[in-house]
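work.txt follows (compact mmCIF, C-alpha atoms):
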```
# COMPACT_ATOMS: atom_id res chain seq x y z
CA MET H 1 0.00 0.00 0.00
CA SER H 2 1.39 3.43 -0.89
CA SER H 3 1.71 6.17 1.71
CA ARG H 4 -0.95 8.13 -0.18
CA ARG H 5 -3.38 5.22 -0.29
CA TYR H 6 -4.25 5.42 3.35
CA ARG H 7 -2.26 7.56 5.71
CA LEU H 8 -3.93 6.14 8.77
CA GLY H 9 -2.66 2.70 7.84
CA ALA H 10 0.78 3.11 9.36
CA VAL H 11 -0.68 4.48 12.56
CA ILE H 12 -3.20 1.67 12.93
CA ALA H 13 -0.66 -0.98 12.00
CA ALA H 14 1.65 0.31 14.71
CA ILE H 15 -1.18 0.20 17.19
CA VAL H 16 -1.98 -3.39 16.21
CA LEU H 17 1.63 -4.33 16.94
CA ALA H 18 1.50 -2.49 20.25
CA ALA H 19 -1.74 -4.19 21.19
CA GLY H 20 -0.20 -7.54 20.33
CA ALA H 21 2.76 -6.79 22.56
CA LEU H 22 0.42 -5.93 25.41
CA THR H 23 -1.46 -9.17 24.88
CA ALA H 24 1.76 -11.13 24.91
CA CYS H 25 2.62 -9.59 28.25
CA GLY H 26 -0.74 -10.59 29.70
CA GLY H 27 -4.36 -9.60 29.03
CA ASP H 28 -4.79 -7.77 32.31
CA ASP H 29 -2.25 -5.17 31.22
CA ALA H 30 -4.55 -4.08 28.39
CA GLY H 31 -7.56 -3.50 30.61
CA GLY H 32 -9.91 -5.09 33.09
CA SER H 33 -11.92 -8.25 32.54
CA GLY H 34 -15.61 -8.05 31.68
CA GLY H 35 -16.47 -10.95 33.95
CA ASP H 36 -18.42 -10.66 37.19
CA GLY H 37 -16.98 -7.82 39.22
CA GLY H 38 -14.92 -6.59 36.26
CA ALA H 39 -15.53 -3.76 33.82
CA LEU H 40 -16.78 -3.35 30.29
CA ARG H 41 -15.40 -0.26 28.56
CA LEU H 42 -17.83 1.06 25.94
CA GLY H 43 -17.21 3.71 23.31
CA TYR H 44 -19.77 5.81 21.42
CA PHE H 45 -20.12 9.21 19.74
CA PRO H 46 -22.11 12.26 20.91
CA ASN H 47 -24.31 12.01 17.80
CA ILE H 48 -27.99 11.21 17.34
CA THR H 49 -26.84 8.40 15.03
CA HIS H 50 -25.70 6.77 18.30
CA ALA H 51 -29.04 7.31 20.07
CA PRO H 52 -29.28 3.73 21.44
CA ALA H 53 -25.94 4.33 23.18
CA LEU H 54 -26.97 7.80 24.42
CA VAL H 55 -30.28 6.52 25.79
CA GLY H 56 -28.76 3.30 27.09
CA VAL H 57 -26.19 5.20 29.14
CA GLN H 58 -28.47 8.07 30.19
CA ASN H 59 -31.30 5.81 31.35
CA LYS H 60 -28.87 3.33 32.95
CA ILE H 61 -30.11 0.51 30.74
CA PHE H 62 -26.61 -0.86 30.21
CA ALA H 63 -25.73 -0.54 33.89
CA GLU H 64 -28.85 -2.49 34.85
CA LYS H 65 -28.27 -5.28 32.32
CA LEU H 66 -24.54 -5.56 33.09
CA GLY H 67 -25.26 -6.20 36.76
CA THR H 68 -22.02 -6.67 38.67
CA THR H 69 -19.96 -5.83 35.59
CA THR H 70 -19.09 -2.13 35.80
CA LEU H 71 -19.78 0.06 32.77
CA GLU H 72 -17.04 2.52 31.81
CA THR H 73 -17.66 4.85 28.87
CA LYS H 74 -15.61 6.95 26.47
CA THR H 75 -16.78 9.19 23.63
CA PHE H 76 -15.15 9.80 20.24
CA ASN H 77 -15.58 12.30 17.43
CA ALA H 78 -15.09 9.85 14.56
CA GLY H 79 -14.44 6.20 13.78
CA PRO H 80 -10.68 6.01 13.21
CA GLU H 81 -9.87 7.25 16.71
CA ALA H 82 -12.34 4.76 18.20
CA ILE H 83 -10.63 1.96 16.27
CA GLU H 84 -7.27 3.10 17.59
CA ALA H 85 -8.66 2.90 21.14
CA LEU H 86 -10.04 -0.58 20.48
CA PHE H 87 -6.74 -1.78 19.06
CA SER H 88 -4.74 -0.39 21.95
CA GLY H 89 -7.00 -2.13 24.47
CA ALA H 90 -8.37 1.16 25.87
CA ILE H 91 -11.96 0.05 25.18
CA ASP H 92 -13.67 -3.32 24.80
CA ALA H 93 -16.59 -2.39 22.54
CA THR H 94 -17.82 0.61 20.64
CA TYR H 95 -20.63 1.95 18.52
CA ILE H 96 -19.05 2.91 15.20
CA GLY H 97 -19.66 3.40 11.50
CA PRO H 98 -19.00 0.78 8.82
CA ASN H 99 -15.83 2.07 7.16
CA PRO H 100 -13.67 2.37 10.29
CA ALA H 101 -14.77 -1.14 11.25
CA ILE H 102 -13.82 -2.38 7.78
CA ASN H 103 -10.45 -0.62 7.99
CA GLY H 104 -9.81 -2.12 11.43
CA TRP H 105 -10.68 -5.58 10.16
CA ALA H 106 -8.35 -5.15 7.19
CA LYS H 107 -5.41 -3.74 9.15
CA SER H 108 -5.59 -6.51 11.73
CA GLU H 109 -6.12 -9.19 9.06
CA GLY H 110 -9.42 -10.14 10.63
CA THR H 111 -8.11 -10.63 14.15
CA ALA H 112 -9.04 -7.48 16.08
CA LEU H 113 -12.81 -7.06 16.06
CA ARG H 114 -16.25 -8.50 15.38
CA ILE H 115 -19.56 -6.79 14.56
CA ILE H 116 -22.11 -8.12 17.03
CA ALA H 117 -25.22 -6.03 16.22
CA GLY H 118 -26.64 -3.24 14.13
CA SER H 119 -27.75 0.03 15.68
CA THR H 120 -28.69 2.70 13.14
CA SER H 121 -29.53 3.05 9.47
CA GLY H 122 -29.64 6.36 7.58
CA GLY H 123 -29.08 9.85 8.89
CA ALA H 124 -26.25 11.32 6.80
CA GLY H 125 -25.66 13.25 3.62
CA LEU H 126 -24.30 16.32 1.88
CA VAL H 127 -25.61 19.77 2.78
CA VAL H 128 -24.42 22.88 0.96
CA ARG H 129 -24.93 26.61 0.83
CA GLU H 130 -27.25 28.33 -1.63
CA GLY H 131 -26.02 28.49 -5.20
CA ILE H 132 -24.78 24.90 -5.25
CA ASN H 133 -27.38 22.92 -7.14
CA ALA H 134 -25.48 20.08 -8.85
CA PRO H 135 -22.21 18.15 -8.57
CA ALA H 136 -20.51 20.41 -11.11
CA ASP H 137 -21.13 23.40 -8.82
CA LEU H 138 -18.79 21.85 -6.24
CA LYS H 139 -15.65 22.47 -8.29
CA GLY H 140 -13.29 24.67 -6.29
CA LYS H 141 -15.45 24.38 -3.16
CA LYS H 142 -14.50 23.39 0.39
CA ILE H 143 -16.47 20.49 1.87
CA ALA H 144 -16.01 19.09 5.38
CA THR H 145 -16.17 15.49 6.58
CA PRO H 146 -15.59 14.30 10.18
CA GLN H 147 -12.25 12.56 9.57
CA LEU H 148 -10.21 11.07 6.73
CA GLY H 149 -11.40 7.51 6.18
CA ASN H 150 -14.50 7.75 8.36
CA THR H 151 -17.88 6.62 7.04
CA GLN H 152 -19.07 10.01 5.81
CA ASP H 153 -15.65 10.80 4.30
CA VAL H 154 -15.76 7.62 2.22
CA ALA H 155 -19.36 8.28 1.19
CA LEU H 156 -18.50 11.78 -0.06
CA ARG H 157 -15.41 10.65 -1.97
CA ALA H 158 -17.31 7.80 -3.62
CA TRP H 159 -20.18 10.11 -4.60
CA LEU H 160 -17.80 12.72 -6.04
CA LYS H 161 -16.00 10.06 -8.09
CA ALA H 162 -19.31 8.72 -9.40
CA ASN H 163 -20.08 12.25 -10.55
CA GLY H 164 -16.76 12.79 -12.32
CA LEU H 165 -15.05 14.83 -9.61
CA ASN H 166 -11.80 14.07 -7.80
CA ALA H 167 -10.53 14.92 -4.33
CA ASP H 168 -7.16 13.84 -2.97
CA GLN H 169 -6.29 13.02 0.64
CA GLU H 170 -4.39 16.29 1.14
CA GLY H 171 -7.35 18.59 0.43
CA GLY H 172 -6.60 19.12 -3.25
CA GLY H 173 -8.37 18.17 -6.47
CA ASP H 174 -11.64 19.40 -7.96
CA VAL H 175 -13.16 19.55 -4.48
CA SER H 176 -11.22 20.31 -1.31
CA ILE H 177 -12.25 17.87 1.41
CA LEU H 178 -11.35 19.12 4.88
CA PRO H 179 -11.43 16.70 7.85
CA THR H 180 -13.21 18.71 10.54
CA ALA H 181 -14.77 17.83 13.90
CA ASN H 182 -18.55 17.91 13.53
CA SER H 183 -19.08 20.74 16.01
CA ASP H 184 -16.37 22.78 14.27
CA THR H 185 -18.05 22.14 10.93
CA VAL H 186 -21.19 23.89 12.13
CA THR H 187 -19.18 26.90 13.33
CA SER H 188 -17.10 27.09 10.15
CA PHE H 189 -20.13 26.79 7.87
CA ALA H 190 -21.90 29.55 9.79
CA ALA H 191 -18.81 31.76 9.43
CA GLY H 192 -18.69 31.20 5.66
CA ASP H 193 -15.46 29.20 5.75
CA LEU H 194 -17.04 26.05 4.28
CA ASP H 195 -19.29 25.52 1.28
CA GLY H 196 -20.82 22.34 2.60
CA ALA H 197 -20.35 19.14 4.58
CA TRP H 198 -21.14 15.44 4.41
CA VAL H 199 -22.10 14.82 8.03
CA PRO H 200 -24.22 12.55 10.22
CA GLU H 201 -27.19 13.61 12.29
CA PRO H 202 -27.77 15.80 14.23
CA PHE H 203 -25.28 18.01 12.38
CA PHE H 204 -27.06 17.35 9.08
CA SER H 205 -30.34 18.78 10.45
CA THR H 206 -28.56 21.49 12.47
CA LEU H 207 -26.93 22.92 9.34
CA VAL H 208 -30.25 22.82 7.48
CA GLY H 209 -32.50 24.07 10.27
CA LYS H 210 -30.21 26.62 11.89
CA HIS H 211 -27.71 27.81 9.30
CA GLY H 212 -29.48 27.94 5.96
CA ALA H 213 -27.85 24.89 4.38
CA LYS H 214 -29.79 22.90 1.84
CA VAL H 215 -29.72 19.18 1.16
CA LEU H 216 -27.85 18.24 -2.01
CA VAL H 217 -27.66 14.52 -1.16
CA ASN H 218 -29.60 12.54 1.42
CA GLU H 219 -27.53 9.36 1.55
CA LYS H 220 -30.52 7.09 1.97
CA ASP H 221 -31.49 7.96 -1.61
CA LEU H 222 -28.31 6.22 -2.79
CA TRP H 223 -29.12 2.81 -1.24
CA PRO H 224 -31.68 0.09 -2.11
CA GLY H 225 -34.75 0.56 0.04
CA GLY H 226 -33.09 3.55 1.70
CA GLN H 227 -31.36 1.21 4.16
CA PHE H 228 -27.63 1.30 4.89
CA VAL H 229 -25.61 0.83 8.03
CA THR H 230 -24.64 4.09 9.71
CA THR H 231 -23.77 2.69 13.13
CA HIS H 232 -23.21 -0.81 14.43
CA LEU H 233 -21.81 -2.31 17.62
CA ILE H 234 -18.39 -3.97 17.56
CA VAL H 235 -16.25 -5.70 20.19
CA ARG H 236 -12.61 -6.62 20.51
CA ALA H 237 -12.33 -10.20 19.29
CA GLU H 238 -10.22 -11.11 22.31
CA PHE H 239 -12.79 -9.64 24.70
CA LEU H 240 -15.59 -11.57 22.98
CA GLU H 241 -13.65 -14.82 23.27
CA GLU H 242 -12.69 -14.31 26.91
CA ASN H 243 -15.89 -12.65 28.19
CA PRO H 244 -18.91 -14.00 26.28
CA GLU H 245 -21.22 -13.51 29.28
CA ALA H 246 -20.31 -9.83 29.50
CA VAL H 247 -20.97 -9.46 25.77
CA LYS H 248 -24.36 -11.14 26.23
CA LYS H 249 -25.20 -8.61 28.94
CA LEU H 250 -24.08 -5.78 26.66
CA LEU H 251 -26.41 -7.13 23.97
CA ASP H 252 -29.24 -7.31 26.51
CA GLY H 253 -28.69 -3.62 27.15
CA HIS H 254 -28.38 -2.77 23.47
CA ILE H 255 -31.60 -4.57 22.50
CA ALA H 256 -33.45 -2.93 25.38
CA ALA H 257 -32.11 0.50 24.42
CA VAL H 258 -33.15 0.10 20.78
CA ASP H 259 -36.59 -1.05 21.91
CA GLN H 260 -36.94 1.96 24.21
CA VAL H 261 -35.83 4.37 21.48
CA ASN H 262 -38.46 2.99 19.09
CA ALA H 263 -41.27 2.54 21.63
CA ASP H 264 -41.32 6.17 22.82
CA PRO H 265 -39.42 8.47 20.43
CA VAL H 266 -40.31 11.64 22.34
CA ALA H 267 -38.99 10.30 25.65
CA ALA H 268 -35.94 8.89 23.86
CA GLN H 269 -35.20 12.26 22.27
CA THR H 270 -35.41 13.91 25.69
CA ALA H 271 -33.05 11.34 27.22
CA ALA H 272 -30.60 11.57 24.31
CA ASN H 273 -30.61 15.37 24.55
CA ALA H 274 -29.99 15.26 28.29
CA HIS H 275 -27.02 12.99 27.73
CA LEU H 276 -25.65 15.22 24.97
CA GLU H 277 -25.86 18.12 27.42
CA SER H 278 -23.88 16.14 29.98
CA LEU H 279 -21.20 15.46 27.35
CA ASN H 280 -21.11 18.78 25.50
CA GLY H 281 -22.38 21.25 28.08
CA LYS H 282 -25.42 22.23 26.01
CA LYS H 283 -28.59 20.75 24.61
CA LEU H 284 -29.70 20.59 21.01
CA ASP H 285 -32.80 22.41 19.84
CA PRO H 286 -35.63 19.85 20.26
CA ALA H 287 -36.77 20.73 16.73
CA VAL H 288 -33.38 19.67 15.38
CA ILE H 289 -33.52 16.35 17.21
CA ALA H 290 -37.07 15.74 16.00
CA ALA H 291 -35.99 16.43 12.41
CA ALA H 292 -32.97 14.16 12.78
CA TRP H 293 -35.09 11.36 14.22
CA GLN H 294 -37.23 11.33 11.07
CA ASN H 295 -34.09 10.70 9.02
CA LEU H 296 -32.97 7.67 11.04
CA THR H 297 -33.97 4.06 11.63
CA TYR H 298 -32.84 2.37 14.84
CA THR H 299 -32.46 -1.39 14.46
CA VAL H 300 -30.36 -4.28 15.74
CA ASP H 301 -30.17 -5.53 12.14
CA PRO H 302 -26.64 -4.67 10.92
CA VAL H 303 -27.88 -4.26 7.30
CA ALA H 304 -25.00 -6.50 6.28
CA THR H 305 -25.74 -6.17 2.57
CA SER H 306 -24.55 -2.55 2.68
CA LEU H 307 -21.21 -3.33 4.34
CA GLN H 308 -19.60 -4.92 1.30
CA ALA H 309 -20.69 -1.92 -0.78
CA SER H 310 -19.12 0.44 1.76
CA ALA H 311 -15.87 -1.51 1.49
CA GLN H 312 -16.02 -1.30 -2.29
CA HIS H 313 -16.52 2.48 -2.08
CA ALA H 314 -13.40 2.80 0.08
CA GLN H 315 -11.43 0.70 -2.41
CA ASP H 316 -12.68 2.75 -5.33
CA VAL H 317 -11.41 6.01 -3.81
CA GLY H 318 -8.04 4.64 -2.76
CA LEU H 319 -8.63 4.37 0.97
CA LEU H 320 -8.63 0.58 1.22
CA GLU H 321 -6.99 -2.40 -0.44
CA PRO H 322 -9.32 -5.27 -1.46
CA VAL H 323 -10.37 -7.13 1.68
CA ASP H 324 -12.29 -10.34 2.45
CA LEU H 325 -14.94 -9.46 5.03
CA LYS H 326 -16.21 -12.99 5.64
CA GLY H 327 -16.18 -13.62 9.37
CA ILE H 328 -16.43 -9.96 10.39
CA TYR H 329 -19.90 -10.59 11.83
CA ALA H 330 -20.46 -12.55 15.04
CA LEU H 331 -24.25 -12.51 15.31
CA ASP H 332 -24.85 -15.82 17.14
CA LEU H 333 -25.17 -14.21 20.56
CA LEU H 334 -27.52 -11.52 19.23
CA ASN H 335 -29.72 -14.09 17.50
CA GLU H 336 -29.76 -16.18 20.66
CA LYS H 337 -31.15 -13.16 22.51
CA LEU H 338 -33.63 -12.32 19.73
CA ARG H 339 -35.00 -15.88 19.68
CA ALA H 340 -35.52 -15.79 23.43
CA LEU H 341 -37.46 -12.54 23.05
CA GLY H 342 -39.55 -13.87 20.17
CA LYS H 343 -38.01 -11.34 17.76
CA PRO H 344 -36.87 -11.96 14.17
CA GLU H 345 -33.28 -13.06 13.80
CA VAL H 346 -30.81 -11.09 11.68
CA SER H 347 -28.38 -12.30 9.03
CA ALA H 348 -24.83 -11.61 7.93
CA GLY H 349 -25.76 -12.79 4.43
CA GLU H 350 -22.77 -13.51 2.22
CA LEU H 351 -20.42 -12.25 4.93
CA ALA H 352 -21.22 -15.08 7.32
CA LYS H 353 -18.35 -17.43 8.03
```

Entire entry expressed as C-alpha cells:
Amino acid sequence: MSSRRYRLGAVIAAIVLAAGALTACGGDDAGGSGGDGGALRLGYFPNITHAPALVGVQNKIFAEKLGTTTLETKTFNAGPEAIEALFSGAIDATYIGPNPAINGWAKSEGTALRIIAGSTSGGAGLVVREGINAPADLKGKKIATPQLGNTQDVALRAWLKANGLNADQEGGGDVSILPTANSDTVTSFAAGDLDGAWVPEPFFSTLVGKHGAKVLVNEKDLWPGGQFVTTHLIVRAEFLEENPEAVKKLLDGHIAAVDQVNADPVAAQTAANAHLESLNGKKLDPAVIAAAWQNLTYTVDPVATSLQASAQHAQDVGLLEPVDLKGIYALDLLNEKLRALGKPEVSAGELAK
C-alpha cells in the first residue's frame, strides 16, 4: 500500500503491533476483565446516530443489564480514533460506523474485532450553501467530513467520483475535502469558511435548520430501500472470546435501548438530549432532534448487505486495499437473545463465516 493510499494505515498498523505486545505480556495489562466484578469499557459518539448508546447510558439501561460488571464509557468524534482505542485495548466495545470497522478488520487481518449487532440506518448526507445545485457546482469548493477515512468521508469521496469529480487526501483536487470535527463544521459553515459538509445527524439537520444549508444529497437515496448501516456495535475479538457472558449482557442492554428508542421516540429524544448536554455542556434544539429522528432508523439488524458496498466504495477512492470481510460478523449471541425474546433473527448474508 502506498503512503498516499491510506495515511492512517501506518498508525493503525503500529497500534496493532503495540496491542499484540500488550497481549503477549498478559491480558490484564490491556484493561480489566468483563467478567463478574470486572468492567466493560464502551465507546460511542455524541451524535444522534448513536441514540441507542446515548439513551442506554443516560437511562442506565446498560448498567442495569450488566449487573455486577461495571460500565465505563468513552466518547469519540469519529471512527478512526475509536478503532485506535479498540486496538490499543483502551476500550472493549464501541458503537461505530462501517468504514472504520472495515479498515480495522483489514489492518488486523481479521483478528481485532467482530460486529455483534446493528444500531442505526440512515441519517447522513451532503448539505451545501445556496447556489450549489449540482455536482458540477462543487468544483473549487470546500467540503467538510468528520475525519479522513471515516464513514461520511468515504461516502463523499465515492459520490464525487461517481459524478466525475476528484478529491485527494491532502485537500486538493476538484473539491477540497477538509477533515473537521462535527461541532467545528457547524461553526465554520456559519462563518462562511465552508461551502458544505457530508455529516451525520444531528449536524445534518442542524446545518439545514439553523444555518441555511440545503440538502444536495440525502444518503438514503443512494441505497436500495433507503437502508444502509450508519452505526453498528463492535467488540474486541479477544474480549468476545474471553468474556462472552459480559458481551451477552451488553447485547441485553443494546436490545433494550433500541426497543426503548423505538417505543417512545419523544422520551428517547429527551433522554438523548440530556445525555448530549452532559457530554457537551449544552442541549440541542428539540426541533433539530425531531428532524434528525425522522431521518434515522434504529435497528439491531446490521444491514450487512450494505457493508460490502461500503468496502467497495473505500477501495474505489483509494482508501482501502481489497479485503475479504467474511467472518467480520459474530451474530450468534444476538440471534440467541432475539430468539428468546420472540423477535426476528438477523443475518450476515454472504459475509457469514

Output as a tab-separated table one row per residue of range 263-306 of chain H within 12 Å of range 219-235 of chain H: the closest atom pair and its distance in Å to one decimal place, counting all atoms listed in the file, sorted by chain and residue number ascending.
```
residue	atom	partner	partner_atom	distance
H:Asn295	CA	H:Lys220	CA	8.7
H:Leu296	CA	H:Thr230	CA	9.2
H:Thr297	CA	H:Gln227	CA	8.4
H:Tyr298	CA	H:Thr231	CA	9.2
H:Thr299	CA	H:His232	CA	9.3
H:Val300	CA	H:His232	CA	8.1
H:Asp301	CA	H:His232	CA	8.7
H:Pro302	CA	H:His232	CA	6.2
H:Val303	CA	H:Val229	CA	5.6
H:Ala304	CA	H:Val229	CA	7.6
H:Thr305	CA	H:Phe228	CA	8.0
H:Ser306	CA	H:Phe228	CA	5.4
```

Inset, instruction - Provide the CA of Ala352 in chain H to CA of Ser108 in chain H distance in Å, to one decimal place. - result: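 CA of Ala352 in chain H sits 18.4 Å away from CA of Ser108 in chain H.
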
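For the atom pair formed by CA of Phe45 in chain H and CA of Val215 in chain H, the distance is 23.2 Å, given to one decimal.
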
Inset, instruction - Could you tell me which of H:Ala117, H:Leu71, H:Leu126, H:Ala101 comes closest to Glu345 in chain H if we count all atoms listed in the file? - result: H:Ala117

I want to know what sits within 10 Å of Asp137 in chain H, based on all atoms listed in the file, with residues of the same chain fewer than 5 positions away left out; could you give that as a short mmCIF file (atom, residue, chain, number, x, y, z; two decimals) with C-alpha atoms, in the frame of the given file?
```cif
data_model
loop_
_atom_site.label_atom_id
_atom_site.label_comp_id
_atom_site.auth_asym_id
_atom_site.auth_seq_id
_atom_site.Cartn_x
_atom_site.Cartn_y
_atom_site.Cartn_z
CA GLY H 131 -26.02 28.49 -5.20
CA ILE H 132 -24.78 24.90 -5.25
CA VAL H 175 -13.16 19.55 -4.48
#
```

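Note that CA of Gln315 in chain H and CA of Leu194 in chain H are 26.8 Å apart.
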
Inset, instruction - Check the smallest atom-to-atom distance from each of H:Leu207, H:Asp259, H:Ile115, H:Ala291 to Leu341 in chain H using all atoms listed in the file, then report the winner. - result: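 Result for the nearest residue to Leu341 in chain H: H:Asp259.
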
As JSON, please: the centre and edge lengths in Å, to one decimal, of an axis-aligned box enclosing every listed atom of range 89-93 of chain H with 8 Å added on each side.
```
{"center_x": -11.8, "center_y": -1.1, "center_z": 24.2, "size_x": 25.6, "size_y": 20.5, "size_z": 19.3}
```

Completed range 226-248 of chain H (N, CA, C and O atoms) as a short mmCIF file (atom, residue, chain, number, x, y, z; two decimals), in the coordinates of the input:
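Okay, this is what ended up in out19.cif:
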```cif
data_model
loop_
_atom_site.label_atom_id
_atom_site.label_comp_id
_atom_site.auth_asym_id
_atom_site.auth_seq_id
_atom_site.Cartn_x
_atom_site.Cartn_y
_atom_site.Cartn_z
N GLY H 226 -33.45 2.48 0.77
CA GLY H 226 -33.09 3.55 1.70
C GLY H 226 -32.38 3.06 2.95
O GLY H 226 -32.18 3.83 3.90
N GLN H 227 -31.97 1.79 2.97
CA GLN H 227 -31.36 1.21 4.16
C GLN H 227 -29.86 1.00 3.98
O GLN H 227 -29.43 0.37 3.01
N PHE H 228 -29.07 1.53 4.89
CA PHE H 228 -27.63 1.30 4.89
C PHE H 228 -27.14 1.48 6.31
O PHE H 228 -27.69 2.28 7.08
N VAL H 229 -26.10 0.75 6.66
CA VAL H 229 -25.61 0.83 8.03
C VAL H 229 -24.88 2.15 8.24
O VAL H 229 -23.99 2.52 7.49
N THR H 230 -25.30 2.87 9.27
CA THR H 230 -24.64 4.09 9.71
C THR H 230 -23.84 3.81 10.97
O THR H 230 -22.72 4.31 11.14
N THR H 231 -24.42 3.03 11.86
CA THR H 231 -23.77 2.69 13.13
C THR H 231 -24.04 1.23 13.45
O THR H 231 -25.18 0.76 13.30
N HIS H 232 -23.01 0.53 13.89
CA HIS H 232 -23.21 -0.81 14.43
C HIS H 232 -22.35 -0.95 15.69
O HIS H 232 -21.59 -0.05 16.04
N LEU H 233 -22.51 -2.07 16.36
CA LEU H 233 -21.81 -2.31 17.62
C LEU H 233 -20.75 -3.38 17.39
O LEU H 233 -21.04 -4.47 16.90
N ILE H 234 -19.50 -3.03 17.72
CA ILE H 234 -18.39 -3.97 17.56
C ILE H 234 -17.73 -4.23 18.91
O ILE H 234 -17.84 -3.43 19.83
N VAL H 235 -17.02 -5.36 18.99
CA VAL H 235 -16.25 -5.70 20.19
C VAL H 235 -14.86 -6.14 19.78
O VAL H 235 -14.64 -6.60 18.65
N ARG H 236 -13.92 -6.01 20.71
CA ARG H 236 -12.61 -6.62 20.51
C ARG H 236 -12.79 -8.13 20.44
O ARG H 236 -13.48 -8.71 21.29
N ALA H 237 -12.18 -8.75 19.45
CA ALA H 237 -12.33 -10.20 19.29
C ALA H 237 -11.85 -10.94 20.53
O ALA H 237 -12.47 -11.92 20.98
N GLU H 238 -10.76 -10.47 21.12
CA GLU H 238 -10.22 -11.11 22.31
C GLU H 238 -11.20 -10.99 23.48
O GLU H 238 -11.40 -11.95 24.24
N PHE H 239 -11.82 -9.83 23.61
CA PHE H 239 -12.79 -9.64 24.70
C PHE H 239 -13.99 -10.56 24.51
O PHE H 239 -14.49 -11.16 25.47
N LEU H 240 -14.46 -10.69 23.27
CA LEU H 240 -15.59 -11.57 22.98
C LEU H 240 -15.26 -13.01 23.34
O LEU H 240 -16.08 -13.72 23.93
N GLU H 241 -14.06 -13.44 22.99
CA GLU H 241 -13.65 -14.82 23.27
C GLU H 241 -13.52 -15.08 24.76
O GLU H 241 -13.93 -16.14 25.26
N GLU H 242 -12.97 -14.10 25.49
CA GLU H 242 -12.69 -14.31 26.91
C GLU H 242 -13.86 -13.96 27.82
O GLU H 242 -13.93 -14.43 28.95
N ASN H 243 -14.80 -13.13 27.34
CA ASN H 243 -15.89 -12.65 28.19
C ASN H 243 -17.24 -12.72 27.49
O ASN H 243 -17.96 -11.73 27.37
N PRO H 244 -17.63 -13.90 27.00
CA PRO H 244 -18.91 -14.00 26.28
C PRO H 244 -20.11 -13.61 27.12
O PRO H 244 -21.08 -13.05 26.59
N GLU H 245 -20.07 -13.87 28.43
CA GLU H 245 -21.22 -13.51 29.28
C GLU H 245 -21.37 -12.00 29.38
O GLU H 245 -22.49 -11.47 29.39
N ALA H 246 -20.25 -11.29 29.46
CA ALA H 246 -20.31 -9.83 29.50
C ALA H 246 -20.86 -9.28 28.19
O ALA H 246 -21.63 -8.33 28.17
N VAL H 247 -20.47 -9.89 27.07
CA VAL H 247 -20.97 -9.46 25.77
C VAL H 247 -22.47 -9.73 25.67
O VAL H 247 -23.22 -8.91 25.13
N LYS H 248 -22.92 -10.86 26.21
CA LYS H 248 -24.36 -11.14 26.23
C LYS H 248 -25.12 -10.08 27.01
O LYS H 248 -26.19 -9.63 26.60
#
```
